Amino acid sequence: MNPYTDPSRVRGALNSIGVRPSKSMGQNFLVDPTPLKLALEHADVNANDVVIEVGPGLGVLTWELLNAAGQVISVELDTRLAGRLRTEFADRPLTIVESDVLELAPSAMLAAAGLPADTPYKLVANIPYAITSPLLRHFLEGDSPPSLMMVLMQWEVADRITAKPGDLSILAHSVQLYATAEIVARVPAASFLPSPAVDSALVLMRRRPTNAVPTNPKALFKVIRAGFSQARKKLINSLAGGLAGQGYNKEQVLAAITTAGIDPNLRAEVLTLEQWATLTDTLGMATK
């Protein structure tokens, strides 16, 4: 039984170091062991694994990871929590990195544990809601991406990430280009202390051997962002407006959409990654 899921112990630990859960840091502490077991099971964490954890807090997930993985690297912004973790797990294979995770390259996290940049690792984390989107991009597009990510996140964000054509978003494309994504379980708000306003979800993302489409990612997302710049409008209007600053007029955009075999009256959310990639190539964006 994980001792760190005891609500009274959580409150006592927070009081002992003078920490009040911070909304700005997204500090909601998990007090339900069930999602932890599901996370480790679906991520297949074993003694051969190096695992990076983001926002370890009081160590509820850290404890589970240390019992399953070979080595754990925990990135914690709050210095008081980081100090407590060092005391709690002093004799365990844990490297604590005090940093804003978004300001540290994945290779630097590995280096802090004395590991080379090409070391295979998994990301398993209960992340602050406010940084979910940038954090996923930070690792997926980073210099040393993980082979697998198991992330506890806000339900609505999980729903967007795993969306199908017809209800896609920039975020969905930014994940699905690099990884497959599935919701493993819904986690009720009551599983946290303090309870957030919404439920959460465990989302499993497996890195693709190659990107879902072969075009240049930077160019691809310039086109996707342009297409979603006025998402409620028809593709021809939103894309033309979004690409106006890139030197394209409406006639050129219409010609590219037509050549790509796409209905210009569609809306951005129905286009697949393959269609966006074709548009990117047709527009010649990859060479710009």
# chains A, B, ... in the order shown; residues from 1 in each chain; ligands from 1

call {"tool": "residues_around", "arguments": {"residues": "Arg206 in chain A", "least_positions_apart": "5", "cutoff": "12 Å", "atoms": "only C-alpha atoms", "output": "number ranges by chain"}}
result
A: 42-44, 121-124, 140, 145-151, 175-183, 211

call {"tool": "write_last_selection", "arguments": {"atoms": "N, CA and C atoms", "output": "short mmCIF file (atom, residue, chain, number, x, y, z; two decimals), in the first residue's frame"}}
result
data_model
loop_
_atom_site.label_atom_id
_atom_site.label_comp_id
_atom_site.auth_asym_id
_atom_site.auth_seq_id
_atom_site.Cartn_x
_atom_site.Cartn_y
_atom_site.Cartn_z
N HIS A 42 0.04 0.08 -17.57
CA HIS A 42 -0.10 0.37 -19.01
C HIS A 42 1.19 0.91 -19.61
N ALA A 43 2.02 1.55 -18.80
CA ALA A 43 3.32 2.02 -19.29
C ALA A 43 4.36 0.92 -19.24
N ASP A 44 3.98 -0.23 -18.67
CA ASP A 44 4.88 -1.38 -18.56
C ASP A 44 6.23 -0.97 -17.96
N TYR A 121 14.07 6.30 -22.55
CA TYR A 121 13.37 6.55 -21.29
C TYR A 121 11.88 6.69 -21.54
N LYS A 122 11.12 6.60 -20.44
CA LYS A 122 9.68 6.82 -20.48
C LYS A 122 9.36 8.04 -19.63
N LEU A 123 8.36 8.78 -20.04
CA LEU A 123 7.85 9.90 -19.24
C LEU A 123 6.57 9.44 -18.57
N VAL A 124 6.54 9.46 -17.24
CA VAL A 124 5.34 9.10 -16.49
C VAL A 124 5.11 10.23 -15.49
N LEU A 140 7.79 15.80 -27.04
CA LEU A 140 7.64 15.18 -28.35
C LEU A 140 8.55 15.80 -29.40
N PRO A 145 13.37 12.69 -27.37
CA PRO A 145 11.98 12.36 -27.04
C PRO A 145 11.86 11.00 -26.36
N PRO A 146 10.86 10.83 -25.49
CA PRO A 146 10.65 9.55 -24.82
C PRO A 146 10.04 8.52 -25.77
N SER A 147 10.25 7.25 -25.44
CA SER A 147 9.64 6.18 -26.24
C SER A 147 8.16 6.07 -25.94
N LEU A 148 7.79 6.52 -24.75
CA LEU A 148 6.41 6.38 -24.28
C LEU A 148 6.12 7.46 -23.25
N MET A 149 4.88 7.96 -23.25
CA MET A 149 4.46 8.92 -22.24
C MET A 149 3.15 8.44 -21.63
N MET A 150 3.12 8.37 -20.31
CA MET A 150 1.89 8.09 -19.57
C MET A 150 1.63 9.31 -18.71
N VAL A 151 0.61 10.06 -19.05
CA VAL A 151 0.40 11.36 -18.41
C VAL A 151 -1.01 11.47 -17.85
N VAL A 175 0.26 16.20 -31.22
CA VAL A 175 0.55 14.93 -30.55
C VAL A 175 0.53 13.79 -31.56
N GLN A 176 -0.50 13.73 -32.37
CA GLN A 176 -0.69 12.58 -33.26
C GLN A 176 0.32 12.51 -34.40
N LEU A 177 1.00 13.61 -34.69
CA LEU A 177 2.09 13.56 -35.67
C LEU A 177 3.20 12.65 -35.17
N TYR A 178 3.48 12.73 -33.87
CA TYR A 178 4.63 12.03 -33.30
C TYR A 178 4.27 10.73 -32.56
N ALA A 179 3.03 10.60 -32.13
CA ALA A 179 2.68 9.47 -31.26
C ALA A 179 1.24 9.03 -31.47
N THR A 180 0.97 7.79 -31.12
CA THR A 180 -0.41 7.33 -31.00
C THR A 180 -0.88 7.70 -29.59
N ALA A 181 -2.15 7.93 -29.42
CA ALA A 181 -2.65 8.37 -28.11
C ALA A 181 -3.96 7.69 -27.79
N GLU A 182 -4.10 7.22 -26.54
CA GLU A 182 -5.34 6.61 -26.10
C GLU A 182 -5.59 6.93 -24.63
N ILE A 183 -6.87 7.08 -24.29
CA ILE A 183 -7.25 7.28 -22.89
C ILE A 183 -7.33 5.92 -22.22
N ASN A 211 7.40 9.81 -38.08
CA ASN A 211 6.25 10.71 -37.98
C ASN A 211 5.10 10.22 -38.86
#

call {"tool": "residues_around", "arguments": {"residues": "Thr5 in chain A", "least_positions_apart": "5", "cutoff": "8 Å", "atoms": "only C-alpha atoms", "output": "tab-separated table (two decimals) with C-alpha atoms, in the first residue's frame"}}
result
chain	number	residue	atom	x	y	z
A	10	VAL	CA	-0.49	14.45	2.74
A	30	LEU	CA	-3.16	12.45	-5.87
A	31	VAL	CA	-4.56	10.47	-2.92
A	32	ASP	CA	-6.02	7.51	-4.83
A	33	PRO	CA	-3.69	4.54	-5.49
A	60	VAL	CA	3.10	9.61	-4.39

call {"tool": "atom_distance", "arguments": {"atom1": "CA of Thr87 in chain A", "atom2": "CA of Val187 in chain A"}}
result
29.5 Å

call {"tool": "select_by_dssp", "arguments": {"residues": "range 48-118 of chain A", "states": "helix (DSSP H, G or I)", "output": "JSON, numbers by chain"}}
result
{"A": [60, 61, 62, 63, 64, 65, 66, 67, 68, 79, 80, 81, 82, 83, 84, 85, 86, 87, 88, 101, 102, 103, 106, 107, 108, 109, 110, 111, 112]}

call {"tool": "residues_around", "arguments": {"residues": "Gly261 in chain A", "least_positions_apart": "3", "cutoff": "10 Å", "atoms": "only C-alpha atoms", "output": "PyMOL selection string"}}
result
chain A and resi 255-258+264+275+278-279

call {"tool": "select_by_dssp", "arguments": {"residues": "range 138-202 of chain A", "states": "strand (DSSP E)", "output": "PDB file with all heavy atoms, in the first residue's frame"}}
result
ATOM      1  N   LEU A 148       7.785   6.525 -24.751  1.00  0.00           N
ATOM      2  CA  LEU A 148       6.405   6.378 -24.282  1.00  0.00           C
ATOM      3  C   LEU A 148       6.122   7.465 -23.254  1.00  0.00           C
ATOM      4  O   LEU A 148       7.004   7.851 -22.490  1.00  0.00           O
ATOM      5  CB  LEU A 148       6.241   4.992 -23.674  1.00  0.00           C
ATOM      6  CG  LEU A 148       4.963   4.587 -22.933  1.00  0.00           C
ATOM      7  CD1 LEU A 148       4.790   3.072 -23.024  1.00  0.00           C
ATOM      8  CD2 LEU A 148       4.991   5.006 -21.465  1.00  0.00           C
ATOM      9  N   MET A 149       4.878   7.957 -23.253  1.00  0.00           N
ATOM     10  CA  MET A 149       4.462   8.920 -22.240  1.00  0.00           C
ATOM     11  C   MET A 149       3.152   8.442 -21.626  1.00  0.00           C
ATOM     12  O   MET A 149       2.197   8.142 -22.342  1.00  0.00           O
ATOM     13  CB  MET A 149       4.268  10.321 -22.836  1.00  0.00           C
ATOM     14  CG  MET A 149       5.511  10.908 -23.454  1.00  0.00           C
ATOM     15  SD  MET A 149       5.400  12.707 -23.760  1.00  0.00           S
ATOM     16  CE  MET A 149       4.039  12.766 -24.909  1.00  0.00           C
ATOM     17  N   MET A 150       3.115   8.372 -20.311  1.00  0.00           N
ATOM     18  CA  MET A 150       1.891   8.091 -19.575  1.00  0.00           C
ATOM     19  C   MET A 150       1.630   9.311 -18.708  1.00  0.00           C
ATOM     20  O   MET A 150       2.373   9.579 -17.762  1.00  0.00           O
ATOM     21  CB  MET A 150       2.031   6.842 -18.715  1.00  0.00           C
ATOM     22  CG  MET A 150       0.858   6.606 -17.763  1.00  0.00           C
ATOM     23  SD  MET A 150      -0.747   6.392 -18.590  1.00  0.00           S
ATOM     24  CE  MET A 150      -0.596   4.722 -19.190  1.00  0.00           C
ATOM     25  N   VAL A 151       0.606  10.061 -19.050  1.00  0.00           N
ATOM     26  CA  VAL A 151       0.404  11.361 -18.412  1.00  0.00           C
ATOM     27  C   VAL A 151      -1.009  11.474 -17.846  1.00  0.00           C
ATOM     28  O   VAL A 151      -1.991  11.149 -18.520  1.00  0.00           O
ATOM     29  CB  VAL A 151       0.657  12.505 -19.417  1.00  0.00           C
ATOM     30  CG1 VAL A 151       0.445  13.856 -18.757  1.00  0.00           C
ATOM     31  CG2 VAL A 151       2.073  12.420 -19.985  1.00  0.00           C
ATOM     32  N   LEU A 152      -1.087  11.928 -16.608  1.00  0.00           N
ATOM     33  CA  LEU A 152      -2.363  12.225 -15.969  1.00  0.00           C
ATOM     34  C   LEU A 152      -2.672  13.691 -16.238  1.00  0.00           C
ATOM     35  O   LEU A 152      -1.906  14.575 -15.847  1.00  0.00           O
ATOM     36  CB  LEU A 152      -2.266  11.961 -14.466  1.00  0.00           C
ATOM     37  CG  LEU A 152      -3.547  12.059 -13.629  1.00  0.00           C
ATOM     38  CD1 LEU A 152      -4.631  11.127 -14.146  1.00  0.00           C
ATOM     39  CD2 LEU A 152      -3.243  11.750 -12.167  1.00  0.00           C
ATOM     40  N   MET A 153      -3.765  13.943 -16.942  1.00  0.00           N
ATOM     41  CA  MET A 153      -4.077  15.301 -17.384  1.00  0.00           C
ATOM     42  C   MET A 153      -5.572  15.568 -17.279  1.00  0.00           C
ATOM     43  O   MET A 153      -6.371  14.656 -17.029  1.00  0.00           O
ATOM     44  CB  MET A 153      -3.612  15.506 -18.826  1.00  0.00           C
ATOM     45  CG  MET A 153      -4.344  14.637 -19.832  1.00  0.00           C
ATOM     46  SD  MET A 153      -3.789  14.886 -21.547  1.00  0.00           S
ATOM     47  CE  MET A 153      -2.167  14.124 -21.504  1.00  0.00           C
ATOM     48  N   GLN A 154      -5.953  16.813 -17.503  1.00  0.00           N
ATOM     49  CA  GLN A 154      -7.354  17.216 -17.476  1.00  0.00           C
ATOM     50  C   GLN A 154      -8.151  16.443 -18.534  1.00  0.00           C
ATOM     51  O   GLN A 154      -7.696  16.259 -19.667  1.00  0.00           O
ATOM     52  CB  GLN A 154      -7.439  18.720 -17.741  1.00  0.00           C
ATOM     53  CG  GLN A 154      -8.823  19.312 -17.583  1.00  0.00           C
ATOM     54  CD  GLN A 154      -8.785  20.826 -17.709  1.00  0.00           C
ATOM     55  OE1 GLN A 154      -7.748  21.458 -17.538  1.00  0.00           O
ATOM     56  NE2 GLN A 154      -9.919  21.429 -17.998  1.00  0.00           N
ATOM     57  N   ALA A 179       3.025  10.598 -32.132  1.00  0.00           N
ATOM     58  CA  ALA A 179       2.678   9.473 -31.265  1.00  0.00           C
ATOM     59  C   ALA A 179       1.236   9.031 -31.474  1.00  0.00           C
ATOM     60  O   ALA A 179       0.392   9.809 -31.923  1.00  0.00           O
ATOM     61  CB  ALA A 179       2.874   9.886 -29.803  1.00  0.00           C
ATOM     62  N   THR A 180       0.968   7.793 -31.125  1.00  0.00           N
ATOM     63  CA  THR A 180      -0.412   7.334 -30.999  1.00  0.00           C
ATOM     64  C   THR A 180      -0.875   7.702 -29.592  1.00  0.00           C
ATOM     65  O   THR A 180      -0.063   7.790 -28.671  1.00  0.00           O
ATOM     66  CB  THR A 180      -0.517   5.816 -31.186  1.00  0.00           C
ATOM     67  OG1 THR A 180       0.277   5.145 -30.189  1.00  0.00           O
ATOM     68  CG2 THR A 180      -0.032   5.412 -32.574  1.00  0.00           C
ATOM     69  N   ALA A 181      -2.150   7.933 -29.416  1.00  0.00           N
ATOM     70  CA  ALA A 181      -2.648   8.370 -28.108  1.00  0.00           C
ATOM     71  C   ALA A 181      -3.963   7.693 -27.786  1.00  0.00           C
ATOM     72  O   ALA A 181      -4.848   7.593 -28.638  1.00  0.00           O
ATOM     73  CB  ALA A 181      -2.829   9.889 -28.099  1.00  0.00           C
ATOM     74  N   GLU A 182      -4.096   7.222 -26.539  1.00  0.00           N
ATOM     75  CA  GLU A 182      -5.343   6.606 -26.096  1.00  0.00           C
ATOM     76  C   GLU A 182      -5.587   6.926 -24.629  1.00  0.00           C
ATOM     77  O   GLU A 182      -4.651   7.031 -23.842  1.00  0.00           O
ATOM     78  CB  GLU A 182      -5.300   5.088 -26.292  1.00  0.00           C
ATOM     79  CG  GLU A 182      -4.231   4.379 -25.476  1.00  0.00           C
ATOM     80  CD  GLU A 182      -4.310   2.871 -25.580  1.00  0.00           C
ATOM     81  OE1 GLU A 182      -5.397   2.316 -25.303  1.00  0.00           O
ATOM     82  OE2 GLU A 182      -3.286   2.253 -25.936  1.00  0.00           O
ATOM     83  N   ILE A 183      -6.865   7.077 -24.289  1.00  0.00           N
ATOM     84  CA  ILE A 183      -7.246   7.280 -22.893  1.00  0.00           C
ATOM     85  C   ILE A 183      -7.330   5.917 -22.222  1.00  0.00           C
ATOM     86  O   ILE A 183      -8.055   5.040 -22.673  1.00  0.00           O
ATOM     87  CB  ILE A 183      -8.585   8.031 -22.782  1.00  0.00           C
ATOM     88  CG1 ILE A 183      -8.449   9.455 -23.339  1.00  0.00           C
ATOM     89  CG2 ILE A 183      -9.062   8.079 -21.327  1.00  0.00           C
ATOM     90  CD1 ILE A 183      -9.759  10.237 -23.374  1.00  0.00           C
ATOM     91  N   VAL A 184      -6.591   5.757 -21.137  1.00  0.00           N
ATOM     92  CA  VAL A 184      -6.555   4.498 -20.390  1.00  0.00           C
ATOM     93  C   VAL A 184      -7.665   4.452 -19.344  1.00  0.00           C
ATOM     94  O   VAL A 184      -8.304   3.420 -19.143  1.00  0.00           O
ATOM     95  CB  VAL A 184      -5.178   4.306 -19.721  1.00  0.00           C
ATOM     96  CG1 VAL A 184      -5.193   3.147 -18.736  1.00  0.00           C
ATOM     97  CG2 VAL A 184      -4.105   4.105 -20.781  1.00  0.00           C
ATOM     98  N   ALA A 185      -7.893   5.586 -18.664  1.00  0.00           N
ATOM     99  CA  ALA A 185      -8.898   5.606 -17.602  1.00  0.00           C
ATOM    100  C   ALA A 185      -9.299   7.031 -17.276  1.00  0.00           C
ATOM    101  O   ALA A 185      -8.520   7.969 -17.455  1.00  0.00           O
ATOM    102  CB  ALA A 185      -8.363   4.922 -16.337  1.00  0.00           C
ATOM    103  N   ARG A 186     -10.519   7.191 -16.799  1.00  0.00           N
ATOM    104  CA  ARG A 186     -10.983   8.467 -16.265  1.00  0.00           C
ATOM    105  C   ARG A 186     -10.692   8.489 -14.771  1.00  0.00           C
ATOM    106  O   ARG A 186     -10.922   7.497 -14.071  1.00  0.00           O
ATOM    107  CB  ARG A 186     -12.478   8.647 -16.517  1.00  0.00           C
ATOM    108  CG  ARG A 186     -12.990  10.039 -16.165  1.00  0.00           C
ATOM    109  CD  ARG A 186     -14.365  10.288 -16.752  1.00  0.00           C
ATOM    110  NE  ARG A 186     -14.731  11.687 -16.672  1.00  0.00           N
ATOM    111  CZ  ARG A 186     -15.420  12.341 -17.592  1.00  0.00           C
ATOM    112  NH1 ARG A 186     -15.819  11.704 -18.684  1.00  0.00           N
ATOM    113  NH2 ARG A 186     -15.721  13.620 -17.451  1.00  0.00           N
ATOM    114  N   VAL A 187     -10.187   9.603 -14.270  1.00  0.00           N
ATOM    115  CA  VAL A 187      -9.824   9.730 -12.858  1.00  0.00           C
ATOM    116  C   VAL A 187     -10.671  10.846 -12.258  1.00  0.00           C
ATOM    117  O   VAL A 187     -10.529  12.009 -12.647  1.00  0.00           O
ATOM    118  CB  VAL A 187      -8.325  10.050 -12.695  1.00  0.00           C
ATOM    119  CG1 VAL A 187      -7.962  10.159 -11.214  1.00  0.00           C
ATOM    120  CG2 VAL A 187      -7.474   8.985 -13.380  1.00  0.00           C
ATOM    121  N   PHE A 192      -8.029  13.633  -5.860  1.00  0.00           N
ATOM    122  CA  PHE A 192      -6.962  14.595  -5.585  1.00  0.00           C
ATOM    123  C   PHE A 192      -7.252  15.411  -4.327  1.00  0.00           C
ATOM    124  O   PHE A 192      -8.399  15.574  -3.919  1.00  0.00           O
ATOM    125  CB  PHE A 192      -6.803  15.565  -6.763  1.00  0.00           C
ATOM    126  CG  PHE A 192      -6.409  14.915  -8.058  1.00  0.00           C
ATOM    127  CD1 PHE A 192      -7.370  14.390  -8.907  1.00  0.00           C
ATOM    128  CD2 PHE A 192      -5.078  14.828  -8.435  1.00  0.00           C
ATOM    129  CE1 PHE A 192      -7.018  13.787 -10.109  1.00  0.00           C
ATOM    130  CE2 PHE A 192      -4.711  14.232  -9.630  1.00  0.00           C
ATOM    131  CZ  PHE A 192      -5.683  13.709 -10.467  1.00  0.00           C
ATOM    132  N   LEU A 193      -6.170  15.926  -3.743  1.00  0.00           N
ATOM    133  CA  LEU A 193      -6.264  16.853  -2.618  1.00  0.00           C
ATOM    134  C   LEU A 193      -5.410  18.078  -2.933  1.00  0.00           C
ATOM    135  O   LEU A 193      -4.192  17.939  -3.115  1.00  0.00           O
ATOM    136  CB  LEU A 193      -5.751  16.185  -1.334  1.00  0.00           C
ATOM    137  CG  LEU A 193      -5.799  17.025  -0.054  1.00  0.00           C
ATOM    138  CD1 LEU A 193      -7.239  17.204   0.400  1.00  0.00           C
ATOM    139  CD2 LEU A 193      -4.975  16.382   1.039  1.00  0.00           C
ATOM    140  N   SER A 200      -9.961  14.059 -14.382  1.00  0.00           N
ATOM    141  CA  SER A 200      -8.718  13.890 -15.127  1.00  0.00           C
ATOM    142  C   SER A 200      -8.771  12.604 -15.934  1.00  0.00           C
ATOM    143  O   SER A 200      -9.735  11.840 -15.867  1.00  0.00           O
ATOM    144  CB  SER A 200      -7.525  13.863 -14.164  1.00  0.00           C
ATOM    145  OG  SER A 200      -7.394  15.088 -13.477  1.00  0.00           O
ATOM    146  N   ALA A 201      -7.705  12.359 -16.697  1.00  0.00           N
ATOM    147  CA  ALA A 201      -7.607  11.129 -17.483  1.00  0.00           C
ATOM    148  C   ALA A 201      -6.161  10.678 -17.541  1.00  0.00           C
ATOM    149  O   ALA A 201      -5.243  11.503 -17.571  1.00  0.00           O
ATOM    150  CB  ALA A 201      -8.136  11.354 -18.895  1.00  0.00           C
ATOM    151  N   LEU A 202      -5.975   9.381 -17.562  1.00  0.00           N
ATOM    152  CA  LEU A 202      -4.663   8.801 -17.838  1.00  0.00           C
ATOM    153  C   LEU A 202      -4.571   8.601 -19.340  1.00  0.00           C
ATOM    154  O   LEU A 202      -5.423   7.918 -19.930  1.00  0.00           O
ATOM    155  CB  LEU A 202      -4.503   7.456 -17.138  1.00  0.00           C
ATOM    156  CG  LEU A 202      -4.101   7.468 -15.670  1.00  0.00           C
ATOM    157  CD1 LEU A 202      -4.215   6.054 -15.103  1.00  0.00           C
ATOM    158  CD2 LEU A 202      -2.680   7.994 -15.491  1.00  0.00           C
TER     159      LEU A 202
END

call {"tool": "residues_around", "arguments": {"residues": "range 229-236 of chain A", "least_positions_apart": "3", "cutoff": "12 Å", "atoms": "only C-alpha atoms", "output": "ChimeraX atom specification"}}
result
/A:167-170,221-226,239-244,248-258,262-271,276,279

call {"tool": "atom_distance", "arguments": {"atom1": "CA of Pro196 in chain A", "atom2": "CA of Gly55 in chain A"}}
result
16.2 Å

call {"tool": "closest_residue", "arguments": {"among": "A:Thr62, A:Ser195, A:Thr119, A:Thr259", "to": "Asn48 in chain A", "atoms": "only C-alpha atoms"}}
result
A:Thr119

call {"tool": "closest_residue", "arguments": {"among": "A:Leu171, A:Ala111, A:Ala277, A:Ala219", "to": "Thr132 in chain A", "atoms": "only C-alpha atoms"}}
result
A:Leu171

call {"tool": "residues_around", "arguments": {"residues": "Leu273 in chain A", "least_positions_apart": "5", "cutoff": "8 Å", "atoms": "only C-alpha atoms", "output": "PyMOL selection string"}}
result
chain A and resi 173+177+212-213

call {"tool": "atom_distance", "arguments": {"atom1": "CA of Trp63 in chain A", "atom2": "CA of Glu88 in chain A"}}
result
9.6 Å

call {"tool": "decode", "arguments": {"residues": "range 234-243 of chain A", "atoms": "all heavy atoms", "output": "tab-separated table (two decimals), in the first residue's frame"}}
result
chain	number	residue	atom	x	y	z
A	234	LYS	N	-14.93	28.67	-43.33
A	234	LYS	CA	-14.54	27.68	-44.32
A	234	LYS	C	-13.04	27.70	-44.50
A	234	LYS	O	-12.38	28.73	-44.32
A	234	LYS	CB	-15.24	27.98	-45.66
A	234	LYS	CG	-16.75	27.84	-45.60
A	234	LYS	CD	-17.38	28.22	-46.93
A	234	LYS	CE	-18.90	28.11	-46.87
A	234	LYS	NZ	-19.54	28.51	-48.14
A	235	LEU	N	-12.48	26.55	-44.89
A	235	LEU	CA	-11.03	26.42	-45.02
A	235	LEU	C	-10.43	27.48	-45.93
A	235	LEU	O	-9.39	28.06	-45.60
A	235	LEU	CB	-10.70	25.02	-45.56
A	235	LEU	CG	-9.21	24.71	-45.73
A	235	LEU	CD1	-8.50	24.72	-44.39
A	235	LEU	CD2	-9.03	23.36	-46.41
A	236	ILE	N	-11.05	27.76	-47.04
A	236	ILE	CA	-10.50	28.74	-47.97
A	236	ILE	C	-10.33	30.10	-47.31
A	236	ILE	O	-9.33	30.79	-47.50
A	236	ILE	CB	-11.36	28.85	-49.27
A	236	ILE	CG1	-10.79	29.92	-50.21
A	236	ILE	CG2	-12.81	29.12	-48.94
A	236	ILE	CD1	-9.36	29.72	-50.62
A	237	ASN	N	-11.30	30.48	-46.49
A	237	ASN	CA	-11.23	31.79	-45.85
A	237	ASN	C	-10.25	31.81	-44.68
A	237	ASN	O	-9.45	32.76	-44.54
A	237	ASN	CB	-12.61	32.22	-45.37
A	237	ASN	CG	-13.58	32.44	-46.52
A	237	ASN	OD1	-13.20	32.97	-47.57
A	237	ASN	ND2	-14.82	32.01	-46.36
A	238	SER	N	-10.28	30.79	-43.83
A	238	SER	CA	-9.38	30.77	-42.68
A	238	SER	C	-7.93	30.61	-43.13
A	238	SER	O	-7.03	31.29	-42.62
A	238	SER	CB	-9.76	29.66	-41.71
A	238	SER	OG	-9.69	28.39	-42.34
A	239	LEU	N	-7.68	29.74	-44.09
A	239	LEU	CA	-6.31	29.49	-44.54
A	239	LEU	C	-5.76	30.70	-45.29
A	239	LEU	O	-4.60	31.08	-45.10
A	239	LEU	CB	-6.27	28.24	-45.42
A	239	LEU	CG	-4.88	27.69	-45.75
A	239	LEU	CD1	-4.12	27.33	-44.48
A	239	LEU	CD2	-4.99	26.47	-46.66
A	240	ALA	N	-6.59	31.30	-46.13
A	240	ALA	CA	-6.14	32.48	-46.86
A	240	ALA	C	-5.81	33.62	-45.89
A	240	ALA	O	-4.79	34.31	-46.04
A	240	ALA	CB	-7.20	32.94	-47.86
A	241	GLY	N	-6.66	33.79	-44.87
A	241	GLY	CA	-6.39	34.83	-43.88
A	241	GLY	C	-5.14	34.53	-43.08
A	241	GLY	O	-4.31	35.42	-42.82
A	242	GLY	N	-4.96	33.27	-42.71
A	242	GLY	CA	-3.81	32.89	-41.90
A	242	GLY	C	-2.50	32.94	-42.65
A	242	GLY	O	-1.44	33.14	-42.05
A	243	LEU	N	-2.54	32.75	-43.97
A	243	LEU	CA	-1.31	32.75	-44.78
A	243	LEU	C	-1.03	34.08	-45.46
A	243	LEU	O	-0.02	34.21	-46.17
A	243	LEU	CB	-1.39	31.65	-45.84
A	243	LEU	CG	-1.31	30.20	-45.33
A	243	LEU	CD1	-1.49	29.23	-46.50
A	243	LEU	CD2	0.01	29.94	-44.63
